[in-house]
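Source file: run10.txt. Holds: compact mmCIF, C-alpha atoms.
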```txt
# COMPACT_ATOMS: atom_id res chain seq x y z
CA MET A 1 0.00 0.00 0.00
CA ASN A 2 1.34 3.41 -0.92
CA ASP A 3 1.49 5.82 2.04
CA MET A 4 -0.28 8.89 0.66
CA MET A 5 -0.10 11.08 3.74
CA THR A 6 2.71 12.75 5.64
CA ASN A 7 2.43 14.40 9.06
CA LYS A 8 -1.26 13.59 9.06
CA PRO A 9 -3.10 15.25 11.97
CA ALA A 10 -6.35 14.06 13.45
CA LEU A 11 -9.32 15.86 11.96
CA ALA A 12 -10.21 17.38 15.33
CA ASP A 13 -6.73 18.91 15.55
CA PHE A 14 -7.04 20.24 12.01
CA VAL A 15 -10.43 21.81 12.76
CA GLU A 16 -9.05 23.47 15.89
CA ARG A 17 -6.04 24.89 14.04
CA ALA A 18 -8.08 26.08 11.07
CA ALA A 19 -10.64 27.65 13.41
CA ALA A 20 -7.89 29.39 15.38
CA ASP A 21 -6.41 30.82 12.17
CA ILE A 22 -9.79 32.24 11.18
CA VAL A 23 -10.39 33.72 14.64
CA ARG A 24 -6.94 35.31 14.50
CA ASP A 25 -7.34 36.82 11.04
CA CYS A 26 -11.01 37.85 11.04
CA THR A 27 -11.60 41.51 12.02
CA GLN A 28 -15.40 41.08 12.34
CA CYS A 29 -15.95 43.75 9.69
CA GLY A 30 -19.12 41.95 8.54
CA ALA A 31 -18.37 42.24 4.82
CA CYS A 32 -19.28 38.58 4.32
CA VAL A 33 -22.74 39.08 5.82
CA GLU A 34 -23.24 42.32 3.93
CA ILE A 35 -22.72 40.69 0.53
CA CYS A 36 -24.48 37.42 1.41
CA PRO A 37 -27.61 36.81 -0.71
CA VAL A 38 -29.27 34.71 2.00
CA ALA A 39 -28.96 37.46 4.64
CA PRO A 40 -32.33 39.09 3.82
CA PHE A 41 -34.07 35.70 3.88
CA ALA A 42 -32.41 34.81 7.18
CA GLY A 43 -33.53 38.09 8.75
CA VAL A 44 -30.02 39.42 9.36
CA ALA A 45 -29.65 41.92 6.51
CA ASP A 46 -30.39 44.88 8.80
CA SER A 47 -28.55 43.51 11.81
CA ASP A 48 -25.11 44.41 13.11
CA HIS A 49 -23.10 42.36 10.63
CA GLY A 50 -19.99 42.40 12.77
CA ALA A 51 -21.94 41.05 15.73
CA THR A 52 -23.32 38.24 13.55
CA VAL A 53 -19.79 37.25 12.58
CA ALA A 54 -18.69 37.54 16.21
CA GLY A 55 -21.30 34.92 17.14
CA VAL A 56 -19.79 32.55 14.59
CA LEU A 57 -16.27 33.20 15.90
CA ASP A 58 -17.42 32.46 19.45
CA VAL A 59 -18.37 28.95 18.33
CA LEU A 60 -15.06 28.54 16.52
CA LYS A 61 -13.22 29.54 19.71
CA ASP A 62 -15.22 27.83 22.41
CA GLY A 63 -17.63 25.41 20.73
CA GLY A 64 -21.23 25.20 21.86
CA GLU A 65 -24.51 25.61 20.05
CA MET A 66 -24.84 28.42 17.52
CA THR A 67 -27.47 30.93 18.62
CA GLY A 68 -29.06 34.24 17.64
CA ASN A 69 -28.26 35.94 14.35
CA ALA A 70 -25.19 33.74 13.90
CA ALA A 71 -27.45 30.68 13.87
CA ALA A 72 -30.02 32.32 11.61
CA TRP A 73 -27.32 33.24 9.09
CA THR A 74 -25.28 30.05 9.09
CA GLN A 75 -28.34 27.79 9.02
CA GLN A 76 -29.34 29.35 5.71
CA CYS A 77 -25.84 29.48 4.25
CA ASP A 78 -26.17 27.69 0.91
CA GLY A 79 -22.48 27.74 0.05
CA CYS A 80 -22.88 30.24 -2.80
CA GLY A 81 -19.39 31.62 -2.23
CA LYS A 82 -20.28 35.28 -2.86
CA CYS A 83 -18.40 36.03 0.35
CA LEU A 84 -15.07 34.62 -0.82
CA ALA A 85 -13.90 37.73 -2.63
CA ALA A 86 -15.48 40.11 -0.11
CA CYS A 87 -13.20 39.47 2.86
CA PRO A 88 -10.47 42.15 3.05
CA GLU A 89 -8.32 39.88 5.23
CA GLY A 90 -8.30 36.88 2.90
CA VAL A 91 -10.35 34.71 5.27
CA ASN A 92 -12.51 32.08 3.57
CA PRO A 93 -15.96 32.83 5.09
CA ARG A 94 -17.46 29.70 3.54
CA GLN A 95 -14.90 27.58 5.37
CA MET A 96 -15.56 29.65 8.50
CA VAL A 97 -19.25 28.77 8.38
CA MET A 98 -18.63 25.10 7.57
CA LEU A 99 -16.22 24.70 10.49
CA ALA A 100 -18.53 26.55 12.87
CA GLN A 101 -21.42 24.31 11.83
CA THR A 102 -19.20 21.31 12.54
CA LYS A 103 -18.27 22.54 16.00
CA SER A 104 -21.86 23.52 16.81
CA ALA A 105 -23.12 20.09 15.76
CA GLU A 106 -20.82 18.55 18.38
CA THR A 107 -23.11 20.10 20.99
CA VAL A 108 -26.46 19.56 19.27
CA SER A 109 -27.21 17.96 15.92
CA GLN A 110 -30.54 18.44 14.17
CA THR A 111 -29.90 15.30 12.11
CA PRO A 112 -28.71 12.48 14.39
CA GLN A 113 -28.16 9.14 12.66
CA LEU A 114 -28.14 10.95 9.31
CA PHE A 115 -25.39 8.80 7.83
CA ARG A 116 -27.15 5.57 8.75
CA LYS A 117 -30.44 6.80 7.25
CA MET A 118 -28.75 8.15 4.15
CA SER A 119 -26.74 4.97 3.59
CA ARG A 120 -29.84 2.78 3.67
CA SER A 121 -31.71 5.10 1.32
CA ILE A 122 -28.83 5.10 -1.15
CA ARG A 123 -28.43 1.33 -1.17
CA LEU A 124 -32.18 0.86 -1.56
CA MET A 125 -32.46 3.27 -4.51
CA ALA A 126 -29.42 1.73 -6.20
CA ALA A 127 -30.79 -1.80 -5.74
CA MET A 128 -34.08 -0.72 -7.32
CA GLN A 129 -32.34 0.43 -10.50
CA LEU A 130 -29.18 -1.59 -11.14
CA VAL A 131 -28.43 -5.11 -12.27
CA PRO A 132 -26.13 -6.86 -9.78
CA ASP A 133 -22.91 -6.30 -11.75
CA ASP A 134 -23.57 -2.57 -12.01
CA TYR A 135 -24.61 -2.42 -8.36
CA ALA A 136 -21.33 -4.04 -7.40
CA ARG A 137 -19.33 -1.69 -9.61
CA LEU A 138 -20.63 1.38 -7.79
CA LEU A 139 -20.96 0.08 -4.25
CA ARG A 140 -18.61 -2.84 -3.62
CA PRO A 141 -14.96 -2.37 -2.56
CA LYS A 142 -12.42 -2.95 -5.35
CA ALA A 143 -9.13 -4.82 -5.25
CA PRO A 144 -6.31 -2.26 -5.51
CA ARG A 145 -4.50 -1.90 -8.82
CA ASP A 146 -2.42 0.87 -10.35
CA VAL A 147 -4.56 3.25 -12.41
CA ASP A 148 -4.19 6.73 -13.86
CA VAL A 149 -7.51 7.96 -12.49
CA VAL A 150 -9.95 7.19 -9.69
CA PHE A 151 -13.49 8.26 -10.56
CA TYR A 152 -14.91 9.15 -7.16
CA VAL A 153 -18.71 9.25 -7.27
CA GLY A 154 -19.38 9.92 -3.58
CA CYS A 155 -22.51 8.72 -1.81
CA ASN A 156 -25.70 10.49 -2.86
CA ALA A 157 -24.96 10.39 -6.57
CA VAL A 158 -25.56 6.63 -6.46
CA ARG A 159 -29.27 7.49 -6.19
CA THR A 160 -29.08 8.53 -9.87
CA PRO A 161 -26.67 5.90 -11.22
CA HIS A 162 -27.52 6.48 -14.88
CA LEU A 163 -25.62 9.79 -14.72
CA LEU A 164 -22.52 8.06 -13.37
CA PHE A 165 -22.58 5.38 -16.05
CA ASN A 166 -22.98 8.09 -18.68
CA ALA A 167 -19.87 9.80 -17.30
CA MET A 168 -18.04 6.48 -17.39
CA TYR A 169 -19.06 6.07 -21.04
CA VAL A 170 -17.21 9.32 -21.77
CA LEU A 171 -14.15 8.21 -19.80
CA ASP A 172 -14.20 4.92 -21.72
CA ALA A 173 -14.41 6.79 -25.02
CA LEU A 174 -11.28 8.69 -23.99
CA GLU A 175 -9.62 5.36 -23.13
CA VAL A 176 -8.88 6.49 -19.58
CA ASP A 177 -7.50 3.81 -17.25
CA TYR A 178 -9.67 4.33 -14.17
CA GLU A 179 -11.36 2.64 -11.26
CA VAL A 180 -14.65 3.65 -9.62
CA LEU A 181 -14.99 4.31 -5.90
CA GLY A 182 -18.14 5.43 -4.17
CA GLY A 183 -21.13 4.64 -2.04
CA PRO A 184 -21.37 4.87 1.76
CA SER A 185 -18.23 2.76 2.25
CA SER A 186 -16.22 5.53 0.57
CA CYS A 187 -17.90 8.60 2.07
CA CYS A 188 -15.99 11.89 2.17
CA GLY A 189 -16.91 12.34 5.85
CA ILE A 190 -18.98 15.53 5.55
CA ILE A 191 -22.08 13.89 7.02
CA HIS A 192 -20.31 12.66 10.16
CA ALA A 193 -18.41 15.90 10.78
CA LYS A 194 -20.65 18.77 9.65
CA TRP A 195 -24.10 17.27 10.09
CA GLU A 196 -23.72 14.88 13.03
CA GLY A 197 -20.88 16.64 14.83
CA GLU A 198 -18.94 13.38 15.11
CA ILE A 199 -15.55 14.84 14.21
CA GLY A 200 -13.58 11.83 15.37
CA GLN A 201 -15.64 9.46 13.26
CA GLY A 202 -15.63 11.95 10.39
CA GLY A 203 -11.85 11.92 10.45
CA LYS A 204 -11.74 8.15 10.34
CA VAL A 205 -14.12 8.11 7.37
CA THR A 206 -12.21 10.81 5.47
CA ASP A 207 -8.87 9.15 6.23
CA GLY A 208 -10.16 5.77 5.12
CA THR A 209 -11.49 7.10 1.83
CA ILE A 210 -8.34 9.04 0.99
CA SER A 211 -6.29 5.97 1.90
CA ARG A 212 -8.37 3.91 -0.53
CA PHE A 213 -7.66 6.48 -3.22
CA GLY A 214 -3.96 6.00 -2.54
CA ASP A 215 -4.24 2.22 -2.83
CA PHE A 216 -4.73 2.73 -6.58
CA THR A 217 -1.71 5.07 -6.91
CA PRO A 218 -3.61 7.42 -9.24
CA ASP A 219 -2.34 10.67 -10.70
CA ARG A 220 -5.82 12.17 -10.38
CA VAL A 221 -8.92 11.57 -8.29
CA LEU A 222 -11.92 12.94 -10.17
CA SER A 223 -14.94 13.70 -8.03
CA TRP A 224 -18.54 13.88 -9.21
CA CYS A 225 -20.30 15.09 -6.06
CA PRO A 226 -20.02 18.85 -5.36
CA SER A 227 -20.29 18.29 -1.60
CA CYS A 228 -17.31 15.93 -1.69
CA GLN A 229 -15.44 18.47 -3.81
CA LEU A 230 -16.20 21.25 -1.32
CA HIS A 231 -15.47 19.17 1.79
CA ILE A 232 -12.21 17.54 0.73
CA GLY A 233 -11.05 20.21 -1.70
CA GLU A 234 -11.82 23.37 0.31
CA THR A 235 -13.10 22.94 3.87
CA LEU A 236 -10.36 20.40 4.61
CA GLY A 237 -7.83 21.99 2.28
CA GLY A 238 -4.37 21.27 3.68
CA TYR A 239 -5.58 18.51 6.00
CA GLN A 240 -3.55 15.84 4.23
CA GLU A 241 -0.64 15.77 1.83
CA THR A 242 -1.32 13.45 -1.10
CA GLU A 243 0.51 12.32 -4.20
CA PHE A 244 -2.56 12.76 -6.39
CA ALA A 245 -4.55 15.79 -7.50
CA PHE A 246 -8.19 16.02 -6.39
CA ASP A 247 -10.29 17.65 -9.13
CA HIS A 248 -13.80 17.62 -10.48
CA VAL A 249 -14.48 15.33 -13.44
CA THR A 250 -15.67 18.27 -15.57
CA LYS A 251 -12.26 19.95 -15.21
CA PHE A 252 -10.60 16.79 -16.45
CA LEU A 253 -12.95 16.50 -19.43
CA VAL A 254 -12.27 20.11 -20.42
CA GLU A 255 -8.55 19.37 -20.25
CA GLN A 256 -9.19 16.46 -22.62
CA GLU A 257 -11.18 18.60 -25.05
CA ALA A 258 -8.66 18.24 -27.88
CA ARG A 259 -9.04 14.45 -27.69
CA LEU A 260 -12.78 14.54 -27.05
CA ARG A 261 -13.86 16.83 -29.89
CA PRO A 262 -12.89 14.50 -32.77
CA LYS A 263 -14.95 11.75 -31.14
CA LEU A 264 -18.06 13.94 -30.93
CA THR A 265 -19.36 13.21 -34.43
CA THR A 266 -23.11 12.69 -33.94
CA GLN A 267 -25.45 15.64 -34.34
CA VAL A 268 -27.57 16.55 -31.31
CA PRO A 269 -29.92 19.21 -32.72
CA LEU A 270 -31.15 20.93 -29.56
CA ARG A 271 -31.27 24.45 -28.15
CA VAL A 272 -30.60 24.12 -24.44
CA LEU A 273 -30.50 26.17 -21.26
CA LEU A 274 -27.87 25.09 -18.74
CA HIS A 275 -28.64 25.08 -15.02
CA ALA A 276 -25.66 25.84 -12.77
CA HIS A 277 -24.79 27.25 -9.36
CA ASP A 278 -22.92 30.38 -8.25
CA GLY A 279 -21.01 28.50 -5.57
CA MET A 280 -19.02 26.43 -8.07
CA SER A 281 -19.30 28.59 -11.14
CA ASP A 282 -16.14 27.10 -12.66
CA LEU A 283 -17.88 23.73 -12.92
CA GLY A 284 -20.85 25.31 -14.66
CA GLU A 285 -18.45 27.01 -17.06
CA ASN A 286 -16.74 23.64 -17.67
CA VAL A 287 -20.06 22.06 -18.66
CA ASP A 288 -20.94 25.01 -20.89
CA ARG A 289 -17.66 24.51 -22.75
CA LEU A 290 -18.20 20.76 -23.10
CA LEU A 291 -21.72 21.21 -24.43
CA ARG A 292 -20.51 23.68 -27.06
CA ALA A 293 -18.27 20.92 -28.41
CA VAL A 294 -21.28 18.71 -29.21
CA PRO A 295 -22.23 19.08 -32.90
CA GLY A 296 -25.67 20.53 -33.52
CA LEU A 297 -26.14 21.56 -29.88
CA GLU A 298 -26.73 25.25 -29.16
CA VAL A 299 -26.34 26.55 -25.61
CA VAL A 300 -28.73 29.49 -25.36
CA GLY A 301 -27.52 30.52 -21.92
CA THR A 302 -27.07 29.53 -18.29
CA ALA A 303 -29.66 29.80 -15.52
CA TRP A 304 -27.53 30.54 -12.47
CA GLU A 305 -28.99 29.67 -9.08
CA SER A 306 -27.61 30.38 -5.61
CA GLY A 307 -25.74 27.80 -3.59
CA TYR A 308 -23.22 25.29 -4.85
CA THR A 309 -25.81 22.61 -5.57
CA CYS A 310 -29.50 21.90 -5.08
CA GLY A 311 -30.49 19.85 -2.05
CA GLY A 312 -30.10 19.86 1.70
CA SER A 313 -26.44 20.92 1.71
CA GLY A 314 -26.96 23.72 -0.79
CA ALA A 315 -29.83 25.80 -2.12
CA ASP A 316 -32.48 24.07 0.00
CA ARG A 317 -30.96 25.65 3.11
CA SER A 318 -32.39 29.03 2.09
CA PRO A 319 -35.86 28.15 0.76
CA GLY A 320 -36.95 31.74 0.14
CA LEU A 321 -33.95 32.58 -2.01
CA LYS A 322 -34.14 29.24 -3.77
CA ALA A 323 -37.81 29.73 -4.67
CA LEU A 324 -37.00 33.12 -6.18
CA ARG A 325 -34.12 31.85 -8.31
CA ARG A 326 -35.91 28.61 -9.24
CA SER A 327 -38.92 30.58 -10.48
CA ALA A 328 -36.64 32.53 -12.81
CA THR A 329 -35.00 29.31 -14.04
CA MET A 330 -38.30 27.63 -14.88
CA ALA A 331 -39.69 30.77 -16.50
CA ARG A 332 -36.67 30.89 -18.82
CA ALA A 333 -36.81 27.13 -19.47
CA THR A 334 -40.42 27.34 -20.66
CA ASP A 335 -39.56 29.84 -23.39
CA PRO A 336 -40.40 28.43 -26.83
CA ASP A 337 -36.77 28.82 -27.99
CA ILE A 338 -35.59 26.25 -25.39
CA ASP A 339 -35.77 22.55 -26.24
CA ALA A 340 -34.35 21.29 -22.94
CA LEU A 341 -33.02 22.33 -19.56
CA VAL A 342 -29.61 20.76 -18.87
CA THR A 343 -28.55 19.70 -15.37
CA LEU A 344 -25.09 19.19 -13.95
CA TYR A 345 -25.28 17.41 -10.58
CA HIS A 346 -27.34 14.45 -9.40
CA GLY A 347 -29.25 16.45 -6.78
CA CYS A 348 -30.16 19.12 -9.29
CA HIS A 349 -31.23 16.51 -11.81
CA GLY A 350 -33.64 14.83 -9.43
CA GLN A 351 -35.29 18.11 -8.40
CA LEU A 352 -35.45 19.64 -11.85
CA SER A 353 -36.75 16.46 -13.46
CA THR A 354 -39.74 16.63 -11.12
CA ALA A 355 -40.22 20.34 -11.71
CA GLY A 356 -39.81 19.88 -15.45
CA THR A 357 -42.57 17.28 -15.55
CA ALA A 358 -44.90 19.69 -13.79
CA GLU A 359 -43.97 22.59 -16.09
CA GLY A 360 -43.77 20.64 -19.34
CA VAL A 361 -40.00 21.21 -19.58
CA LYS A 362 -37.71 18.51 -20.97
CA VAL A 363 -34.81 17.98 -18.55
CA VAL A 364 -31.61 16.16 -19.52
CA ASN A 365 -28.22 15.83 -17.89
CA PHE A 366 -25.08 17.06 -19.61
CA THR A 367 -23.72 13.51 -19.63
CA ASP A 368 -26.69 12.37 -21.75
CA LEU A 369 -25.75 14.92 -24.38
CA LEU A 370 -22.07 13.95 -24.39
CA VAL A 371 -22.98 10.28 -24.82
CA ARG A 372 -25.32 11.14 -27.68
CA GLY A 373 -22.62 13.27 -29.30
CA LEU A 374 -20.28 10.29 -29.07
CA GLY A 375 -22.83 8.18 -30.94
CA GLY A 376 -23.94 6.22 -27.89
CA THR A 377 -27.24 5.64 -26.14
CA PRO A 378 -27.46 7.28 -22.71
CA ARG A 379 -28.36 5.14 -19.72
CA GLN A 380 -32.07 5.32 -19.02
CA ASP A 381 -33.30 7.14 -15.93
CA ALA A 382 -35.18 4.30 -14.26
CA PHE A 383 -37.24 6.70 -12.16
CA GLU A 384 -38.21 9.09 -14.94
CA GLY A 385 -41.97 9.42 -14.85
CA TRP A 386 -42.26 7.87 -11.41
CA ARG A 387 -41.02 10.92 -9.50
CA SER A 388 -44.20 12.89 -10.10
CA ALA A 389 -46.68 10.03 -10.50
CA ASN A 390 -47.12 9.32 -6.77
CA ASP A 391 -47.91 5.72 -7.75
CA TRP A 392 -45.61 4.20 -5.18
CA TYR A 393 -47.16 0.74 -5.30
CA GLY A 394 -46.67 0.74 -9.07
CA LEU A 395 -43.02 1.66 -8.59
CA VAL A 396 -42.60 -1.15 -6.06
CA ASP A 397 -44.08 -3.66 -8.52
CA GLU A 398 -41.81 -2.31 -11.28
CA THR A 399 -38.62 -2.58 -9.25
CA THR A 400 -39.20 -5.72 -7.15
CA PRO A 401 -37.38 -7.99 -9.68
CA MET A 402 -34.28 -5.78 -9.46
CA LEU A 403 -34.44 -5.69 -5.67
CA THR A 404 -34.67 -9.47 -5.59
CA ALA A 405 -31.72 -9.81 -7.98
CA ASN A 406 -29.65 -7.64 -5.62
CA GLY A 407 -30.64 -9.71 -2.59
CA VAL A 408 -32.89 -7.05 -1.03
CA ALA A 409 -36.08 -8.32 0.56
CA VAL A 410 -38.49 -5.55 1.58
CA ASP A 411 -42.19 -5.74 2.40
CA ALA A 412 -44.06 -4.13 -0.50
CA ALA A 413 -46.46 -2.11 1.67
CA PHE A 414 -43.62 -0.87 3.87
CA LEU A 415 -41.57 0.13 0.84
CA ALA A 416 -44.45 1.97 -0.81
CA ASP A 417 -45.06 3.84 2.43
CA ILE A 418 -41.48 5.09 2.85
CA LEU A 419 -40.63 5.79 -0.79
CA PRO A 420 -41.95 9.40 -0.78
CA ASP A 421 -39.50 10.23 2.03
CA VAL A 422 -36.70 8.27 0.37
CA PHE A 423 -37.12 10.20 -2.87
CA ALA A 424 -37.39 13.51 -1.00
CA GLN A 425 -34.20 12.73 1.01
CA ALA A 426 -36.19 13.46 4.15
CA GLU A 427 -33.31 12.26 6.32
CA PHE A 428 -31.64 15.64 5.75
CA ARG A 429 -34.60 17.27 7.49
CA GLY A 430 -34.58 14.85 10.42
CA GLY A 431 -37.01 12.35 8.86
CA LEU A 432 -36.84 8.68 7.86
CA ASP A 433 -36.54 7.60 11.49
CA VAL A 434 -37.39 4.06 10.40
CA PHE A 435 -33.90 3.89 8.87
CA GLY A 436 -32.22 5.25 12.00
CA ALA A 437 -32.41 2.10 14.09
CA PRO A 438 -29.50 -0.36 14.02
CA GLU A 439 -29.93 -3.13 11.49
CA SER A 440 -30.99 -6.43 13.00
```

Would you kindly transcribe this structure into structure tokens?
Amino acid sequence: MNDMMTNKPALADFVERAAADIVRDCTQCGACVEICPVAPFAGVADSDHGATVAGVLDVLKDGGEMTGNAAAWTQQCDGCGKCLAACPEGVNPRQMVMLAQTKSAETVSQTPQLFRKMSRSIRLMAAMQLVPDDYARLLRPKAPRDVDVVFYVGCNAVRTPHLLFNAMYVLDALEVDYEVLGGPSSCCGIIHAKWEGEIGQGGKVTDGTISRFGDFTPDRVLSWCPSCQLHIGETLGGYQETEFAFDHVTKFLVEQEARLRPKLTTQVPLRVLLHAHDGMSDLGENVDRLLRAVPGLEVVGTAWESGYTCGGSGADRSPGLKALRRSATMARATDPDIDALVTLYHGCHGQLSTAGTAEGVKVVNFTDLLVRGLGGTPRQDAFEGWRSANDWYGLVDETTPMLTANGVAVDAAFLADILPDVFAQAEFRGGLDVFGAPES
């Protein structure tokens, strides 16, 4: 096994040092709150911005539960990153909030047992959609071998596995030597640390996953999940020294554009609107560039929304702001000059597919369009049409053969009853208690 880490500290030590650096450098000027788009929706726009920041710093210094305006602000932080350029002292306010949320969760977590609930939901949704070989490819541990690239899919993306297999189709077309790692056994650790406040366990999970990356001696680890990218790539930046680069898969594909373009020979005659997020605008720009390489495809524009992704870690944290930006997105997507709305991440795809059905908007993922441009047939979204149908018993009947093939035995009535919460990822709001108990 290749030792990928040198002078590796425990995650708790890293959090304390990073928090101390922020407390030392922050002048409590409040510029981050002043520019923050969620501040009006959190009720802190007209507050003393410096005092709001001071409340966050108190948690970074001494721990304890976040309270007052600091809690109101950080609870709605969607990770949009508007604050990054605003700090005159070079502090990363997004990291400041993430670390404060982690330390606050040590005292009180609103989502106990989240990882256990999430893991069971992910495995269930994957087993409903995938044949056993594909299920194993995404979720089972792999024997180490030397590869150029590890394609790291994270946890929640396994709920929408067709997107991951589309991405793998593109990597295969580029003849990349890669291995796939993902699922709950290769979590980035954000759930344990930030959501549950279990920093010690979060460190073990993060260390284990990064160690597994190193087992394959890759030059690059390419992430799919934006939360994994943010957690490992920014919040924990500098936590571990590695011999591989940790990048997003879209950055890698843009770097391979000269090799990819000659392979994109099939016309895809569509006018599309791209959906992307402010918090990782470079990834949205990467996808825009990739789409413009597809023959026949015209990118009319980009609908930018706040946050760094849809879902409980991103835009959903500030529902008022999200509703405002989402309304603008759907209004633009329904224009007659738009043939389809294009998604980037798995969380966005699930939400927008449901909204698109309601609004009569065709929603496709960027990976579908790349596969089509390469002359292939995209993987089918097994849940397309079911998300908005509310026919949960019908979905259970449809997917029971796949569950059986993957060795999952679930009572049909029980499954139909919990599926609405599974699809809604209710565990991120404290729900799905039925999945919180230890497995018998």

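Separating atom CA of A:Leu260 from atom CA of A:Gly296 is a distance of 15.6 Å.
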
Quick one: residues within 7 Å of A:Asn166, only C-alpha atoms counted, chain neighbours fewer than 4 positions away excluded, as a list in words?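 So, after excluding close chain neighbours, the residues are His162, Val170, Thr367, Asp368, Val371, Pro378 and Arg379 of chain A.
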
Fewer than 6 positions away in the same chain doesn't count, so skip those; otherwise give me all residues within 9 Å of A:Ala340, counting all atoms listed in the file, as a PyMOL selection string. chain A and resi 270-274+333-334+361-364

Return the single residue from A:Val91, A:Gly68, A:Asn286, A:Cys83 that is closest to A:Val23, with distances computed using all atoms listed in the file.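 Looking only at the distances to A:Val23, the closest residue turns out to be A:Val91.
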
Polymer residues at most 6 Å from (-30.4, 12.5, -13.1) by all atoms listed in the file, as a compact mmCIF listing (two decimals) with C-alpha atoms, keeping the file's coordinate frame:
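Produced file result21.txt, reproduced below:
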```
# COMPACT_ATOMS: atom_id res chain seq x y z
CA THR A 160 -29.08 8.53 -9.87
CA LEU A 163 -25.62 9.79 -14.72
CA HIS A 346 -27.34 14.45 -9.40
CA HIS A 349 -31.23 16.51 -11.81
CA GLY A 350 -33.64 14.83 -9.43
```

Restrict the calculation to all atoms listed in the file, then for each residue of stretch 280-389 of chain A with any atom at most 12 Å from an atom of stretch 412-423 of chain A give the closest atom pair and their distance in Å to one decimal, rows by chain and rising residue number, as JSON lines.
```
{"residue": "A:Gly311", "atom": "CA", "partner": "A:Phe423", "partner_atom": "CA", "distance": 11.7}
{"residue": "A:Gly347", "atom": "CA", "partner": "A:Phe423", "partner_atom": "CA", "distance": 10.8}
{"residue": "A:Gly350", "atom": "CA", "partner": "A:Phe423", "partner_atom": "CA", "distance": 8.8}
{"residue": "A:Gln351", "atom": "CA", "partner": "A:Phe423", "partner_atom": "CA", "distance": 9.8}
{"residue": "A:Thr354", "atom": "CA", "partner": "A:Phe423", "partner_atom": "CA", "distance": 10.8}
{"residue": "A:Phe383", "atom": "CA", "partner": "A:Phe423", "partner_atom": "CA", "distance": 9.9}
{"residue": "A:Trp386", "atom": "CA", "partner": "A:Phe423", "partner_atom": "CA", "distance": 10.2}
{"residue": "A:Arg387", "atom": "CA", "partner": "A:Phe423", "partner_atom": "CA", "distance": 7.7}
{"residue": "A:Ser388", "atom": "CA", "partner": "A:Pro420", "partner_atom": "CA", "distance": 10.2}
{"residue": "A:Ala389", "atom": "CA", "partner": "A:Pro420", "partner_atom": "CA", "distance": 10.8}
```

Under the rule that all atoms listed in the file are counted, which of A:Glu285, A:Glu255, A:Asp411, A:Asp247 is the nearest residue to A:Cys225?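 Smallest separation from A:Cys225 among the options: A:Asp247.
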
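Counting all atoms listed in the file, A:Gln201 has the following residues at most 9 Å away, ignoring those fewer than 6 positions along the same chain: A:Gly189, A:His192, A:Ala193.
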
Dig up all the protein and nucleic acid residues within 10 Å of (-17.0, 18.9, -15.7) in the file frame, using only C-alpha atoms, and format them as a list in words.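 The residues near that point, listed by chain and number, are Ala167, Leu222, Ser223, Trp224, Asp247, His248, Val249, Thr250, Lys251, Phe252, Leu253, Val254, Glu255, Asp282, Leu283, Gly284, Glu285, Asn286, Val287, Asp288, Arg289, Leu290, Leu344, Tyr345, Phe366 and Thr367 of chain A.
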
Residue among A:Tyr135, A:Pro184, A:Phe41, A:Asp46 lying closest to A:Ala323, counting only C-alpha atoms: A:Phe41

Return the padded bounding box of stretch 23-35 of chain A as lines of an AutoDock Vina configuration file: axis-aligned, built from all atoms listed in the file, 5 Å added on each side, with centre and edge lengths in Å to one decimal.
```
center_x = -15.1
center_y = 38.7
center_z = 7.6
size_x = 26.3
size_y = 20.0
size_z = 24.1
```

Name all residues at most 9 Å from A:Thr102 (count all atoms listed in the file; drop same-chain ones fewer than 6 positions away) and give them as a count of residues only. 8

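Excluding A:Lys82 itself and same-chain residues fewer than 5 positions from it, the residues having an atom within 8 Å of it are A:Cys32, A:Ile35, A:Cys36, A:Pro37, A:Asp278, A:Gly279, counting all atoms listed in the file.
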
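Take atom CA of A:Leu130 and atom CA of A:Glu175: the distance between them is 24.0 Å.
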
Proximity to A:Val410 - best of A:Val56, A:Leu369, A:Val147, A:Leu124, all atoms listed in the file: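 Once distances to A:Val410 are computed over all atoms listed in the file, the minimum belongs to A:Leu124.
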
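Between atom CA of A:Thr27 and atom CA of A:His277 lies a distance of 28.9 Å.
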
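Remark: for A:Leu139, the closest of the candidate residues A:Gln425, A:Ser185, A:Pro161, A:Cys26 is A:Ser185 (distances computed over all atoms listed in the file).
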